[in-house]
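Heads up, protein31.cif below (mmCIF, C-alpha atoms):
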```cif
data_upload
#
loop_
_atom_site.label_atom_id
_atom_site.label_comp_id
_atom_site.auth_asym_id
_atom_site.auth_seq_id
_atom_site.Cartn_x
_atom_site.Cartn_y
_atom_site.Cartn_z
CA MET O 1 -46.34 100.51 -106.00
CA ALA O 2 -45.85 103.13 -103.27
CA VAL O 3 -42.66 103.85 -101.31
CA VAL O 4 -43.44 104.10 -97.61
CA ALA O 5 -41.31 104.64 -94.50
CA TRP O 6 -41.70 101.34 -92.66
CA TYR O 7 -39.73 101.82 -89.43
CA ARG O 8 -36.78 103.75 -88.13
CA ARG O 9 -33.92 103.08 -85.74
CA PRO O 10 -31.32 105.63 -84.53
CA GLY O 11 -29.29 106.60 -87.62
CA LEU O 12 -31.35 104.35 -89.90
CA THR O 13 -34.69 104.68 -91.71
CA ALA O 14 -36.04 101.68 -93.57
CA PHE O 15 -38.23 102.02 -96.61
CA ARG O 16 -40.14 99.47 -98.59
CA LEU O 17 -42.40 99.20 -101.55
CA ARG O 18 -46.03 98.56 -100.68
CA PRO O 19 -48.31 97.41 -103.42
CA ILE O 20 -51.29 99.67 -103.92
CA GLY O 21 -54.25 98.14 -102.14
CA GLU O 22 -52.21 96.37 -99.42
CA PRO O 23 -53.67 97.17 -96.00
CA ALA O 24 -51.36 99.09 -93.71
CA CYS O 25 -51.27 100.13 -90.04
CA GLN O 26 -50.49 103.78 -89.45
CA ARG O 27 -48.49 104.47 -86.27
CA ALA O 28 -48.72 107.65 -84.26
CA ASP O 29 -45.32 108.84 -85.49
CA GLY O 30 -46.39 108.57 -89.14
CA PHE O 31 -44.58 105.32 -89.88
CA GLU O 32 -46.36 102.20 -91.04
CA GLU O 33 -46.29 98.66 -89.71
CA PRO O 34 -47.58 95.55 -91.33
CA ILE O 35 -50.92 94.39 -89.89
CA ALA O 36 -49.44 91.08 -88.64
CA MET O 37 -46.68 92.89 -86.73
CA ALA O 38 -49.15 95.28 -85.09
CA GLU O 39 -51.43 92.47 -84.02
CA GLN O 40 -48.50 90.56 -82.51
CA HIS O 41 -47.28 93.64 -80.63
CA GLY O 42 -50.74 94.39 -79.23
CA GLY O 43 -51.27 90.75 -78.16
CA ARG O 44 -48.09 90.79 -76.08
CA VAL O 45 -49.20 93.94 -74.28
CA VAL O 46 -52.57 92.42 -73.39
CA GLN O 47 -50.94 89.16 -72.24
CA ASN O 48 -48.40 90.93 -70.02
CA ARG O 49 -51.12 93.08 -68.47
CA THR O 50 -53.18 89.95 -67.64
CA LEU O 51 -50.21 88.19 -66.01
CA MET O 52 -49.46 91.29 -63.96
CA ILE O 53 -53.05 91.49 -62.70
CA ILE O 54 -53.04 87.79 -61.76
CA SER O 55 -49.69 88.12 -59.93
CA VAL O 56 -50.85 91.16 -57.97
CA SER O 57 -54.12 89.41 -57.04
CA LEU O 58 -52.31 86.29 -55.82
CA GLY O 59 -49.87 88.40 -53.80
CA VAL O 60 -52.70 90.30 -52.12
CA ALA O 61 -54.53 87.05 -51.36
CA ALA O 62 -51.35 85.56 -49.82
CA VAL O 63 -50.86 88.59 -47.58
CA VAL O 64 -54.49 88.45 -46.43
CA LEU O 65 -54.27 84.71 -45.63
CA VAL O 66 -51.02 85.13 -43.69
CA ASN O 67 -52.52 87.94 -41.64
CA LEU O 68 -55.60 85.85 -40.89
CA TYR O 69 -53.41 82.92 -39.78
CA ILE O 70 -51.27 85.14 -37.54
CA SER O 71 -54.40 86.64 -35.96
CA ALA O 72 -55.80 83.16 -35.29
CA VAL O 73 -52.55 81.95 -33.68
CA LYS O 74 -52.33 85.07 -31.51
CA GLY O 75 -55.91 84.50 -30.44
CA GLU O 76 -55.15 80.92 -29.43
CA GLN O 77 -52.04 82.01 -27.54
CA ARG O 78 -54.00 84.57 -25.58
CA ALA O 79 -56.76 82.09 -24.70
CA THR O 80 -56.37 80.63 -21.18
CA ILE O 81 -58.03 78.05 -18.96
CA ARG O 82 -58.15 77.92 -15.16
CA LEU O 83 -56.26 74.96 -13.65
CA LEU O 84 -55.19 73.88 -10.17
CA ARG O 85 -51.63 73.83 -8.87
CA ALA O 86 -49.94 73.21 -5.53
CA ALA O 87 -49.81 76.28 -3.28
CA GLU O 88 -47.01 74.62 -1.24
CA ASP O 89 -44.93 71.45 -1.26
CA LEU O 90 -47.29 68.49 -0.81
CA ASP O 91 -46.08 65.12 0.48
CA PRO O 92 -47.34 61.64 -0.48
CA SER O 93 -50.44 60.40 1.39
CA MET O 94 -51.36 64.00 2.31
CA VAL O 95 -55.11 64.67 2.35
CA LEU O 96 -55.83 67.67 0.15
CA LYS O 97 -57.44 70.75 1.68
CA GLU O 98 -58.54 74.04 0.18
CA GLU O 99 -55.40 75.87 1.34
CA HIS O 100 -53.16 73.31 -0.40
CA LEU O 101 -54.28 74.33 -3.90
CA GLU O 102 -54.63 77.49 -5.94
CA ALA O 103 -56.19 78.32 -9.31
CA PHE O 104 -54.25 80.07 -12.06
CA ASP O 105 -54.52 80.87 -15.77
CA PHE O 106 -52.83 78.37 -18.08
CA PRO O 107 -52.44 78.67 -21.89
CA LYS O 108 -55.31 76.80 -23.48
CA MET O 109 -53.29 75.65 -26.49
CA VAL O 110 -50.76 73.95 -24.16
CA LYS O 111 -53.55 72.31 -22.13
CA THR O 112 -54.10 69.82 -24.97
CA ALA O 113 -50.72 68.29 -24.11
CA LEU O 114 -51.86 67.82 -20.47
CA PRO O 115 -55.27 66.15 -20.66
CA ASP O 116 -54.81 64.88 -17.09
CA ALA O 117 -54.60 68.36 -15.54
CA VAL O 118 -57.33 69.18 -12.99
CA PRO O 119 -59.52 72.20 -13.94
CA ALA O 120 -60.17 74.81 -11.27
CA ASP O 121 -63.91 74.11 -11.35
CA GLN O 122 -63.14 70.57 -10.09
CA SER O 123 -61.57 71.80 -6.83
CA SER O 124 -64.49 70.51 -4.77
CA ASN O 125 -63.97 67.02 -6.23
CA VAL O 126 -60.32 66.78 -5.16
CA LYS O 127 -60.69 68.06 -1.61
CA GLY O 128 -60.28 65.16 0.79
CA GLU O 129 -58.38 63.08 -1.79
CA ARG O 130 -54.98 61.60 -0.92
CA LEU O 131 -51.84 62.10 -2.98
CA ASP O 132 -49.72 59.15 -4.05
CA ARG O 133 -46.59 61.21 -4.90
CA THR O 134 -44.79 64.43 -4.03
CA VAL O 135 -46.13 67.60 -5.67
CA ARG O 136 -43.84 70.64 -5.51
CA GLN O 137 -45.08 74.19 -5.01
CA GLY O 138 -46.31 75.63 -8.30
CA GLU O 139 -46.57 72.20 -9.96
CA LEU O 140 -49.75 71.34 -11.83
CA LEU O 141 -52.12 68.94 -10.10
CA LEU O 142 -52.94 65.91 -12.25
CA TRP O 143 -55.72 63.40 -11.71
CA SER O 144 -53.10 60.64 -11.85
CA TYR O 145 -51.48 62.06 -8.69
CA LEU O 146 -54.51 61.00 -6.65
CA TYR O 147 -55.20 57.57 -5.18
CA GLY O 148 -57.97 55.65 -6.87
CA ARG O 149 -58.00 57.76 -10.01
CA THR O 150 -56.22 56.79 -13.23
CA ARG O 151 -53.53 54.74 -11.49
CA GLU O 152 -53.75 51.78 -9.14
CA SER O 153 -52.71 52.24 -5.55
CA LEU O 154 -49.11 51.43 -4.74
CA ALA O 155 -50.11 48.64 -2.37
CA SER O 156 -51.86 46.80 -5.21
CA LYS O 157 -48.55 46.62 -7.09
CA LEU O 158 -46.64 44.88 -4.29
CA LEU O 159 -45.84 41.20 -4.63
CA ARG O 160 -47.35 39.06 -1.92
CA GLY O 161 -45.02 38.93 1.08
CA THR O 162 -43.13 42.16 0.24
CA CYS O 163 -43.17 45.72 1.58
CA GLY O 164 -42.82 49.12 -0.03
CA VAL O 165 -40.16 51.32 1.60
CA GLN O 166 -39.59 54.96 0.72
CA ILE O 167 -36.00 56.19 0.64
CA ARG O 168 -34.19 59.37 -0.35
CA VAL O 169 -31.19 59.17 -2.65
CA ARG O 170 -28.43 61.60 -3.47
CA GLY O 171 -29.32 63.85 -6.39
CA SER O 172 -32.33 63.70 -8.68
CA TRP O 173 -32.59 60.54 -10.78
CA ALA O 174 -35.00 61.25 -13.61
CA ASP O 175 -33.65 58.24 -15.55
CA ILE O 176 -34.78 55.73 -12.92
CA GLN O 177 -38.24 54.49 -13.81
CA LYS O 178 -40.83 52.33 -12.13
CA GLY O 179 -39.88 48.67 -12.54
CA ASP O 180 -36.11 49.28 -12.77
CA PHE O 181 -33.63 47.39 -10.59
CA VAL O 182 -30.94 49.30 -8.69
CA ASP O 183 -28.02 48.69 -6.35
CA LEU O 184 -27.83 51.02 -3.35
CA HIS O 185 -24.45 52.24 -2.16
CA GLY O 186 -23.59 54.47 0.78
CA SER O 187 -20.96 55.56 3.26
CA VAL O 188 -21.69 53.51 6.41
CA LYS O 189 -20.24 53.58 9.90
CA LEU O 190 -19.84 49.90 10.84
CA VAL O 191 -18.92 51.03 14.34
CA ARG O 192 -20.96 53.92 15.66
CA ASP O 193 -17.94 56.04 16.53
CA GLY O 194 -15.73 54.67 13.77
CA GLU O 195 -14.78 55.98 10.37
CA PRO O 196 -17.37 55.63 7.58
CA MET O 197 -16.71 53.14 4.80
CA ASP O 198 -18.14 53.06 1.30
CA ALA O 199 -20.15 49.88 0.93
CA LEU O 200 -22.80 48.14 -1.12
CA VAL O 201 -25.91 48.42 1.05
CA LEU O 202 -28.45 46.46 -1.03
CA ARG O 203 -28.19 44.79 -4.41
CA CYS O 204 -30.79 44.51 -7.13
CA VAL O 205 -33.86 45.98 -5.43
CA LYS O 206 -36.94 46.74 -7.49
CA VAL O 207 -38.17 50.34 -7.82
CA LEU O 208 -41.91 50.69 -7.36
CA ARG O 209 -41.98 54.45 -7.85
CA SER O 210 -39.48 57.15 -8.80
CA ASP O 211 -40.04 60.79 -7.87
CA GLY O 212 -36.86 62.82 -8.24
CA ASP O 213 -34.70 62.14 -5.18
CA ARG O 214 -37.32 59.84 -3.64
CA LEU O 215 -37.72 56.19 -4.48
CA VAL O 216 -40.12 53.55 -3.23
CA ILE O 217 -38.35 50.17 -3.25
CA GLU O 218 -39.61 46.64 -2.74
CA LEU O 219 -38.15 44.75 0.25
CA ARG O 220 -38.97 41.54 2.05
CA PRO O 221 -40.16 41.93 5.66
CA ASP O 222 -36.91 40.42 7.04
CA GLU O 223 -34.93 43.05 5.10
CA VAL O 224 -36.88 46.09 6.29
CA ASP O 225 -35.63 46.18 9.91
CA LYS O 226 -32.03 45.59 8.85
CA PHE O 227 -32.22 48.26 6.19
CA ARG O 228 -33.69 50.84 8.58
CA ALA O 229 -30.93 50.10 11.10
CA ILE O 230 -28.28 50.54 8.39
CA GLU O 231 -29.89 53.85 7.36
CA GLY O 232 -29.14 55.13 10.87
CA ARG O 233 -25.43 54.50 10.24
CA LEU O 234 -25.29 56.31 6.92
CA THR O 235 -23.37 59.57 6.66
CA GLN O 236 -25.01 62.73 5.37
CA GLY O 237 -24.16 61.69 1.80
CA GLY O 238 -27.06 59.26 1.91
CA LEU O 239 -27.72 56.47 -0.57
CA ARG O 240 -26.44 56.40 -4.14
CA PRO O 241 -28.39 54.26 -6.63
CA SER O 242 -26.89 52.55 -9.65
CA LEU O 243 -28.98 50.95 -12.39
CA ARG O 244 -28.90 47.20 -12.94
CA ASN O 245 -29.69 45.12 -16.00
CA PRO O 246 -33.25 43.72 -15.63
CA GLN O 247 -31.92 40.30 -16.61
CA ASP O 248 -29.91 40.11 -13.36
CA ILE O 249 -32.87 38.35 -11.81
CA ASP O 250 -30.67 35.93 -9.80
CA ASP O 251 -29.42 38.79 -7.61
CA TYR O 252 -33.01 39.93 -7.16
CA ARG O 253 -34.10 36.50 -5.93
CA ARG O 254 -31.13 35.76 -3.68
CA LYS O 255 -31.85 35.40 0.02
CA ASP O 256 -29.15 37.78 1.26
CA ARG O 257 -28.99 40.97 -0.79
CA PHE O 258 -27.00 43.05 1.68
CA GLY O 259 -23.39 43.85 0.85
CA GLY O 260 -20.72 41.60 2.34
CA GLU O 261 -18.94 44.56 3.96
CA LEU O 262 -21.96 45.04 6.22
CA ALA O 263 -21.71 41.55 7.78
CA PRO O 264 -20.35 42.81 11.16
CA LEU O 265 -23.07 45.43 11.42
CA LEU O 266 -25.77 42.94 10.42
CA GLU O 267 -24.57 40.53 13.13
CA GLN O 268 -24.91 43.27 15.74
CA ILE O 269 -28.42 44.05 14.50
CA GLU O 270 -29.39 40.37 14.63
CA GLU O 271 -28.03 39.98 18.18
CA ARG O 272 -30.01 42.98 19.38
CA ARG O 273 -33.14 41.65 17.71
CA LYS O 274 -32.76 38.25 19.43
CA ALA O 275 -32.08 39.92 22.78
CA ALA O 276 -35.19 42.03 22.43
CA SER O 277 -37.30 38.98 21.60
CA ARG O 278 -36.16 37.15 24.79
CA ARG O 279 -37.34 39.96 27.04
#
```
Starting from the file, give its structure as structure tokens.
Amino acid sequence: MAVVAWYRRPGLTAFRLRPIGEPACQRADGFEEPIAMAEQHGGRVVQNRTLMIISVSLGVAAVVLVNLYISAVKGEQRATIRLLRAAEDLDPSMVLKEEHLEAFDFPKMVKTALPDAVPADQSSNVKGERLDRTVRQGELLLWSYLYGRTRESLASKLLRGTCGVQIRVRGSWADIQKGDFVDLHGSVKLVRDGEPMDALVLRCVKVLRSDGDRLVIELRPDEVDKFRAIEGRLTQGGLRPSLRNPQDIDDYRRKDRFGGELAPLLEQIEERRKAASRR
């Protein structure tokens, strides 16, 4: 047997008896460790070093991928495409001319959300076309804004025996959609020099098109003349629409859809019409 210093802690040195012939591991400080303990200690060092290398490699790879993604997104954001827009306010039925449109750069990645936008290289194909809606200055030109393109003409949507009448309403009504039914109210002078009176002008008329403060409504021919005459008695406040339930079809079909308060004015209009027909 041999007495050997095995290991030492602060204030303590451990000794043990090692049989002669037992293999030992000599440390740099002169102390001995059993072979099994040395192997275990060395294995942990190698394992920790491997995990550290893998972690660093994954971190570097993540940083590289993020940078590549950011570069790709920035590249897409900078990419543009030339489109057409209105150079001035354009009214419905206007025939497009070169001075009505202008080309400008538009983000290409946003263009995918507007597949109907007209490219600048198609300017020669839209000249001479007619608009079927209002296009404000700076607004993108879409193929669907042109007659005979992706939408049917307005006339083809009219019921037989009806007319389409364009009106302006107070405010901008983005919630009113094509096919909705509305009542029209306004402040009307029943007597030309009298005081205006709030009244129901028309009930349950069908909207054929909605464009901000402009509506195209469906009227019967006998209603058009009366409605235009009433429009001349409206105050500057104009017409105010109110939405109706689409199931109120009885009001839509009724013969007289004008408000009862307008009866005196409608009688005057009818008398003038009869007098004009006798001349």
Applied to the shown file, which residues does the PyMOL selection byres ((chain O and resi 227-231) around 10) return, written as a PDB file with C-alpha atoms, keeping the file's coordinate frame?
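Here's the written file part25.pdb:
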```
ATOM      1  CA  VAL O 165     -40.160  51.320   1.600  1.00  0.00           C
ATOM      2  CA  ILE O 167     -36.000  56.190   0.640  1.00  0.00           C
ATOM      3  CA  GLY O 186     -23.590  54.470   0.780  1.00  0.00           C
ATOM      4  CA  SER O 187     -20.960  55.560   3.260  1.00  0.00           C
ATOM      5  CA  VAL O 188     -21.690  53.510   6.410  1.00  0.00           C
ATOM      6  CA  LYS O 189     -20.240  53.580   9.900  1.00  0.00           C
ATOM      7  CA  LEU O 190     -19.840  49.900  10.840  1.00  0.00           C
ATOM      8  CA  VAL O 201     -25.910  48.420   1.050  1.00  0.00           C
ATOM      9  CA  LEU O 202     -28.450  46.460  -1.030  1.00  0.00           C
ATOM     10  CA  LEU O 219     -38.150  44.750   0.250  1.00  0.00           C
ATOM     11  CA  ASP O 222     -36.910  40.420   7.040  1.00  0.00           C
ATOM     12  CA  GLU O 223     -34.930  43.050   5.100  1.00  0.00           C
ATOM     13  CA  VAL O 224     -36.880  46.090   6.290  1.00  0.00           C
ATOM     14  CA  ASP O 225     -35.630  46.180   9.910  1.00  0.00           C
ATOM     15  CA  LYS O 226     -32.030  45.590   8.850  1.00  0.00           C
ATOM     16  CA  GLY O 232     -29.140  55.130  10.870  1.00  0.00           C
ATOM     17  CA  ARG O 233     -25.430  54.500  10.240  1.00  0.00           C
ATOM     18  CA  LEU O 234     -25.290  56.310   6.920  1.00  0.00           C
ATOM     19  CA  THR O 235     -23.370  59.570   6.660  1.00  0.00           C
ATOM     20  CA  GLY O 238     -27.060  59.260   1.910  1.00  0.00           C
ATOM     21  CA  LEU O 239     -27.720  56.470  -0.570  1.00  0.00           C
ATOM     22  CA  PHE O 258     -27.000  43.050   1.680  1.00  0.00           C
ATOM     23  CA  LEU O 262     -21.960  45.040   6.220  1.00  0.00           C
ATOM     24  CA  LEU O 265     -23.070  45.430  11.420  1.00  0.00           C
ATOM     25  CA  LEU O 266     -25.770  42.940  10.420  1.00  0.00           C
ATOM     26  CA  ILE O 269     -28.420  44.050  14.500  1.00  0.00           C
TER      27      ILE O 269
END
```
Anything within 10 Å of (-33.9, 44.7, -10.6): list those residues as a PyMOL selection string, counting all atoms listed in the file and sticking to the file's coordinates.
chain O and resi 179-183+203-207+218+243-253
Name the closest residue to Val95 in chain O among the candidates O:Glu139, O:Gln166, O:Met52, O:Tyr145; distances are taken between atoms, counting only C-alpha atoms.
O:Tyr145
Contacts of Gly128 in chain O at 12 Å or less, counting all atoms listed in the file, minus same-chain residues fewer than 3 places along, as a list in words?
Ser93, Met94, Val95, Leu96, Lys97, Glu98, Glu99, His100, Leu101, Ser123, Ser124, Asn125, Leu131, Leu146 and Tyr147 of chain O
Name all residues at most 12 Å from Trp143 in chain O (count all atoms listed in the file; drop same-chain ones fewer than 2 positions away) and give them as a PDB file with C-alpha atoms, in the coordinates of the input.
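Result written to out08.pdb:
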```pdb
ATOM      1  CA  LEU O  83     -56.260  74.960 -13.650  1.00  0.00           C
ATOM      2  CA  LEU O  84     -55.190  73.880 -10.170  1.00  0.00           C
ATOM      3  CA  ARG O  85     -51.630  73.830  -8.870  1.00  0.00           C
ATOM      4  CA  LEU O 114     -51.860  67.820 -20.470  1.00  0.00           C
ATOM      5  CA  PRO O 115     -55.270  66.150 -20.660  1.00  0.00           C
ATOM      6  CA  ASP O 116     -54.810  64.880 -17.090  1.00  0.00           C
ATOM      7  CA  ALA O 117     -54.600  68.360 -15.540  1.00  0.00           C
ATOM      8  CA  VAL O 118     -57.330  69.180 -12.990  1.00  0.00           C
ATOM      9  CA  PRO O 119     -59.520  72.200 -13.940  1.00  0.00           C
ATOM     10  CA  GLN O 122     -63.140  70.570 -10.090  1.00  0.00           C
ATOM     11  CA  SER O 123     -61.570  71.800  -6.830  1.00  0.00           C
ATOM     12  CA  ASN O 125     -63.970  67.020  -6.230  1.00  0.00           C
ATOM     13  CA  VAL O 126     -60.320  66.780  -5.160  1.00  0.00           C
ATOM     14  CA  GLU O 129     -58.380  63.080  -1.790  1.00  0.00           C
ATOM     15  CA  ARG O 130     -54.980  61.600  -0.920  1.00  0.00           C
ATOM     16  CA  LEU O 131     -51.840  62.100  -2.980  1.00  0.00           C
ATOM     17  CA  ASP O 132     -49.720  59.150  -4.050  1.00  0.00           C
ATOM     18  CA  ARG O 133     -46.590  61.210  -4.900  1.00  0.00           C
ATOM     19  CA  LEU O 140     -49.750  71.340 -11.830  1.00  0.00           C
ATOM     20  CA  LEU O 141     -52.120  68.940 -10.100  1.00  0.00           C
ATOM     21  CA  TYR O 145     -51.480  62.060  -8.690  1.00  0.00           C
ATOM     22  CA  LEU O 146     -54.510  61.000  -6.650  1.00  0.00           C
ATOM     23  CA  TYR O 147     -55.200  57.570  -5.180  1.00  0.00           C
ATOM     24  CA  GLY O 148     -57.970  55.650  -6.870  1.00  0.00           C
ATOM     25  CA  ARG O 149     -58.000  57.760 -10.010  1.00  0.00           C
ATOM     26  CA  THR O 150     -56.220  56.790 -13.230  1.00  0.00           C
ATOM     27  CA  ARG O 151     -53.530  54.740 -11.490  1.00  0.00           C
TER      28      ARG O 151
END
```
Mind working out the centre and edge lengths of an axis-aligned box for range 254-261 of chain O, all listed atoms inside, 3 Å added to each side, rounded to one decimal in Å and written as lines of an AutoDock Vina configuration file?
```
center_x = -25.4
center_y = 40.0
center_z = 0.1
size_x = 18.9
size_y = 15.2
size_z = 13.6
```
